[in-house]
Amino acid sequence: MEPLLITGTLLLAALLTLLMKNLRAIELISVSAAVAVFIAALKIALGASAPRASNPDGFFSIDALGAIIALTIAVVGLAAAVYSVFYLRVEMAKGIIGFHRVRQYFILFNLFLLAMLFAVMVNNPILMWIAIESTTLSTVFLISFYDKPTALEAAWKYLIINSTGLLLGFFGTLLYFTPLGEAAGQGLTGWKTLAAHAAHLDPMIAKIAFVFVLIGYGTKVGLAPMHTWLPDAHSKAPAPISALLSGVLLNIALYAVLRFKLLTDAVTGGAFTGKLLLAFGLFSIIISALIMLTLQNYKRLLAYSSIENMGIAALGFGVGGAGVFAAILHIIYHALVKPALFFLAGNIFLKYSSTKISRISGVISALPITAVLFLAGFLAVTGTPPFGIFFTKIYVLFACMTMYPLAGFIAIAAFALLFIDFLKQAMAMIFGEKPAEMPMGEISPPLWAIPLALLATVLLLSFYLPEFLLELITQAVEKYAL
Amino acid sequence: MNMNLQFLAMTIFLTTIFFHIIRRNSYTASAYAVQSLAVVLLLFRSFLATGSLSMLLTVILVLAIKVFLALHLFSNFVKKYKPGVSATAYLNLPLTLIVVAALSAFAHSRVFAPLAAIVPENAALLSLGIAGMLISLLLMVNRKGILSQIIGVLSLENSIVVFGLFAGLEQSAILQIGIMFNILVWLIITSIFSSMIYRHFGALETAEMTSLKE
């Protein structure tokens with residue numbers, strides 16, 4: 001019932017937005033749709049966490065990890081919808097965009113949310129692939145939203161690299177249907193059916209299929225070396241879209257990889273897929289650490305931080321055991337912290353009209369609340385106590401050390417470098433003299449209240465996990481930790 | 001092995017090589033239409049075998065989108081942006097052909113042997129499908145023109161469809177229709193994007209797109 005409600009609501013919101021000629025009505029439709037989706041996603045999560053919750057093999061089927069990811073999409077989607085309203089109002093007031101662009105924005109915004117949630121909820125791997133490809137198609141015009149050469153170039157790179165990657169992922173997906181024979185072409189094959197036949201999969205085919213899936217969906221996750229599109233796309237999109245791209249879209253592609261990991265592990269054991277995830281994860285962390293030091297754009301800094309955090313999650317899922325528990329918690333925390341940081345980056349952009357770090361100084365004077373929150377977000381995302389990412393990083397490192405000590409040491413060195421990189425860049429922006437002609441004060445209260453709410457949620461979840469969420473994480477760990 | 005099947009598979013494979021040899025974009029667009037037509041005929045063969053009406057609908061959709069619409073869009077593209085449409089490559093032709101040969105050999109190597117063995121009687125055709133995929137990937141990275149990149153992606157998709165057909169991994173008609181809808185949207189988006197890129201950069205070459213310095 002709830003998946004249908006989510007699908008219908010977002011589709012209707014996109015259609016109504018297309019027909020509307022009143023800006024306030026468009027804003028109201030999108031925010032209302034996001035509220036309805038949040039309630040439905042919460043209901044899905046509560047339902048999935050119930051003891052002995054059945055997971056029917058129908059058109060929609062949501063497991064515990066899927067329910068967690070759907071809930072994070074709904075939370076960040078709601079935050080982004082509200083933030084977008086106030087962010088775009090400022091851009092309209094500045095004459096950067098007009099009514100038609102705002103309408104186009106909200107149509108694509110709702111379709112983007114729809115594609116993401118559909119990918120997590122649908123029970124067929126091919127439909128999941130179609131939905132993930134649809135996330136690319138619905139966001140490409142959002143990345144090129146400002147119609148500047150840099151944004152166009154970033155969007156083109158995003159479109160071509162992701163389409164190619166996803167086609168390779170599609171090829172890998174098809175290979176998992178080999179044990180089904182002619183039954184592959186009849187009806188919609190669900191994940192449970194594939195899992196039931198996985199034992200008959202040729203181990204070599206399973207390995208090749210997983211390599212294609214990892215390269216394909218891994219491109220969308222932003223795992224190095226397939227990450228090249230991500231810093232460009234995430235830095236050129238409007239701030240609320242960057243928040244969704246970095247905070248939740250990457251998790252969906254990672255979720256796809258994990259679902260195929262389960263099928264592969266059924267015939268090859270966990271070592272093959274685990275080592276691959278560990279290698280790609282570690283490489284992503286190293287690449288981010290090395291590149292972040294040289295960055296001159298704060299939105300790219302946040303984008304590279306997303307590559308690092310996806311690397312940590314991949315590392316956790318790769319090592320298995322306690323690493324899986326930490327990785328799931330990590331993607332939850334990251335899904336909330338990174339959008340908060342992108343929203344705050346949006347505030348800085350609105351004030352300074354630049355994303356270049358060299359042109360930003362004295363944020364603490366110009367935007368005092370934004371500056372304090374940005375600092376808190378920086379501490380949270382780099383894994384400084386008391387924020388939860390500190391604990392998840394420690395757990396992942398411990399799990400890694402016990403199995404692959406060298407990889408653990410390399411990761412520690414990279415984390416230290418990343419902290420220094422981020423600290424150096426954040427300090428340069430926050431402190432120093434603000435431009436003399438720049439007025440002091442925040443632009444609009446909701447623009448800092450929304451990131452504040454997200455950061456407060458992260459802090460709360462760092463010490464207290466609601467029972468339903470803990471139950472979902474436990475179920476997900478049981479399923480995904482081999 | 002059925003001679004017709006072999007002919008269609010060879011047509012698809014040879015067009016992927018042809019994309020690398022030709023230097024005129026109008027021929028590239030036509031070659032893609034020929035390649036897609038071969039895919040349509042393969043799908044039509046499936047329809048004849050099953051008699052499924054939904055499969056017939058899929059065949060019609062593939063014909064309409066990949067053959068007629070794509071040809072129409074690409075021909076307009078070439079006419080409209082003729083001065084800015086490049087067909088140049090990073091590697092020269094002899095070197096490109098050497099890489100194509102190496103990729104074909106790799107597709108027939110032990111690495112992909114398990115995939116060729118999915119349907120042993122179609123082993124050669126399955127290897128051709130894999131070779132087609134690798135050669136399409138090369139097209140995307142070797143050519144500077146945006147049209148070649150677009151056709152590289154679509155040719156990769158055709159090669160995967162062919163592999164799926166010969167491996168007996170054909171999906172149900174409803175899923176194929178969903179995939180075709182995605183391709184339709186993809187084609188429309190790339191067309192709109194091409195005009196936006198031309199407007200900003202005055203050319204349709206990736207080498208001209210150098211705004212992203214960092």
# chains A, B, ... in the order shown; residues from 1 in each chain; ligands from 1
>>> interface_residues(of="chain B", to="chain A", cutoff="6 Å", atoms="only C-alpha atoms", output="MDAnalysis selection string")
chainID B and resid 114 170:172 211:212
>>> residues_around(residues="Tyr83 in chain A", least_positions_apart="4", cutoff="7 Å", atoms="only C-alpha atoms", output="VMD selection string")
chain A and resid 79 87 240 446 to 447 450
>>> residues_around(residues="Arg24 in chain A", least_positions_apart="6", cutoff="12 Å", atoms="only C-alpha atoms", output="VMD selection string")
chain A and resid 17 30 to 32 85 to 86 88 to 89 99 102 to 103 106
>>> atom_distance(atom1="CA of Leu4 in chain A", atom2="CA of Phe59 in chain A")
10.2 Å
>>> atom_distance(atom1="CA of Ala243 in chain A", atom2="CA of Leu455 in chain A")
13.5 Å
>>> atom_distance(atom1="CA of Asn347 in chain A", atom2="CA of Ala81 in chain A")
15.4 Å
